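Read the structure below first, then the notes.
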Amino acid sequence: MSQFKSDVEGVDALAQAYQDLSKEIAKIIVGQDDVVRAVIISLFSNGHSLLVGVPGLAKTLLVSTIAEVLDLEFKRIQFTPDLMPSDITGSEILDESRHFRFVRGPVFANIVLADEINRTPPKTQAALLEAMQERVVTVGGSRHALPAPFFVLATQNPIEQEGTYPLPEAQLDRFMFNIPLTYPAYEEEVEVVKSTTTSREVTLRHVLNAPEIQDFQQLIRKVPVADNVLEYCVGLASKTRPNTPRASKEADNYLEWGAGPRASQYLALGAKCHAAIRGKYSPDIEDVQAIANLVLRHRIVRNFKAEAEGVSEENIIEALL
């Protein structure tokens with residue numbers, strides 16, 4: 001049962017909650033406003049996110065801070081080459097009374113941080129991806145439901161390619177957003193060093209709990225979208241598909257293949273949430289454009305020509321917009 005008298009009241013509450021969340025997170029995380037906004041949008045849209053950035057950009061700190069502010073259970077899994085699927089999902093053990101008992105793995109939490117997901121072999125990656133897609137874990141023939149809300153944030157280090165197992169395109173497609181992290185600005189870095197090299201203790205207050213987040217996730221689904229905005233979402237995804245009737249010349253020139261229907265769905269959902277956190281009751285085309293890069297950048301595959309000419313995914317998406 002929703003806590004709001006009307007959907008309009010709900011959107012106003014969501015916009016206020018977003019302001020409060022940002023304020024609390026900013027006590028620990030300096031700058032990175034775009035990253036924080038993207039993570040919160042994917043959480044309220046009930047999607048998962050992939051954070052891509054070099055080591056030391058506070059990816060783990062950001063995720064644990066968000067989990068604390070949201071009063072959710074948080075678990076971190078450090079992915080390594082020898083990690084087994086049962087290390088994520090849990091396993092059945094024989095207890096003293098000679099009965100099999102299921103011991104839950106770290107995936108049974110509201111927010112799961114999959115640290116350096118590309119460090120582990122495909123078999124183990126697949127165990128996490130089943131949980132992401134189905135929101136259940138199957139062990140020994142029994143299905144175990146994961147807690148709700150359930151949100152996976154995976155991190156990937158783009159520079160070290162030695163001993164890594166890149167996520168296949170089909171698995172990348174499970175992530176709603178691919179969020180790039182960049183180095184902080186000079187002033188922000190001074191602020192980071194100032195705040196982290198003293199004995200300052202920060203206490204965070206809980207802004208939202210699990211039932212409230214689920215209410216907001218349902219509310220986002222109810223946000224109305226004009227037909228022209230939906231058509232823009234589908235049109236944008238269609239433009240990325242080379243050698244199809246609606247393909248753009250950039251797609252035909254530079255792409256091996258483009259984004260599937262899931263991209264259109266996430267463009268619409270992300271736009272709804274982007275509008276709602278800004279207090280708007282319906283998204284427009286600007287809201288779609290604001291999140292388009294996050295949705296599309298891991299769903300398009302460049303061809304040899306694009307790599308030879310140094311044309312990045314971002315350049316191609318910019319041309320499409």
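Residues in the structure tokens are numbered from 1 in each chain, the chains being A, B, ... in the order shown, and ligands are numbered from 1 in the order shown.
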Item to complete: For Thr120 (chain A), work out the shell of residues within 9 Å, counting only C-alpha atoms and skipping chain neighbours fewer than 3 positions away, then give it as a VMD selection string.
Response: chain A and resid 79 to 84 116 to 117 123 to 125 163 to 165
Worksheet entry | All alpha helix (DSSP H) positions in region 33-255 of chain A, as a VMD selection string | chain A and resid 33 to 44 59 to 69 85 to 89 122 to 134 169 to 172 186 to 196 210 to 222 227 to 239 249 to 254
Fill in: Sel. of strand (DSSP E) residues, region 85-294 of chain A, as a VMD selection string
chain A and resid 90 to 94 100 to 104 111 to 115 136 to 139 142 to 145 151 to 156 177 to 180 255 to 257
Practice prompt. Check the smallest atom-to-atom distance from each of A:Gly105, A:Pro283, A:Pro122, A:Gly47 to Ala271 (chain A) using only C-alpha atoms, then report the winner.
Written response: A:Pro283
Practice prompt. Find the residues around region 145-148 of chain A up to 8 Å (only C-alpha atoms counted), leave out those fewer than 6 positions away in its own chain, and share them as a VMD selection string.
Written response: chain A and resid 107 to 110 131 135 to 137 210 214
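We find CA of Lys249 (chain A) and CA of Glu286 (chain A) to be spaced 22.7 Å apart.
Relative to CA of Glu134 (chain A), CA of Gln78 (chain A) is found at 22.0 Å.
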Worksheet item: Suppose you want the space between CA of Ser45 (chain A) and CA of Gly235 (chain A); what is it in Å?
Response: 21.1 Å
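Nearest residue to Pro158 (chain A), choosing from A:Val52, A:Ser91, A:Tyr254, A:Asn178 and counting only C-alpha atoms: A:Val52.
Closest to Lys222 (chain A) among A:Met176, A:Gly10, A:Ser199, A:Ser264 is A:Gly10, based on only C-alpha atoms.
The list of residues with at least one atom within 12 Å of region 242-247 of chain A, based on only C-alpha atoms and without residues fewer than 2 positions apart in the same chain, reads Val234, Gly235, Leu236, Ala237, Ser238, Lys239, Thr240, Lys249, Glu250, Ala251, Asp252, Asn253, Tyr254, Leu255, Glu256, Trp257, Gly258, Ala259, Gly260, Ile300, Val301, Arg302, Asn303 and Leu320 of chain A.
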Item to complete: Have a look at A:Met132, A:Ala15, A:Val202, A:Val295 and name the one nearest to Gln171 (chain A); count only C-alpha atoms.
Response: A:Met132
Practice prompt. Compile the contact shell of Val288 (chain A) as number ranges by chain: residues with an atom at most 9 Å away, counting only C-alpha atoms, same-chain residues fewer than 6 positions apart removed.
Written response: A: 229, 232-233, 267-268, 270-272, 274
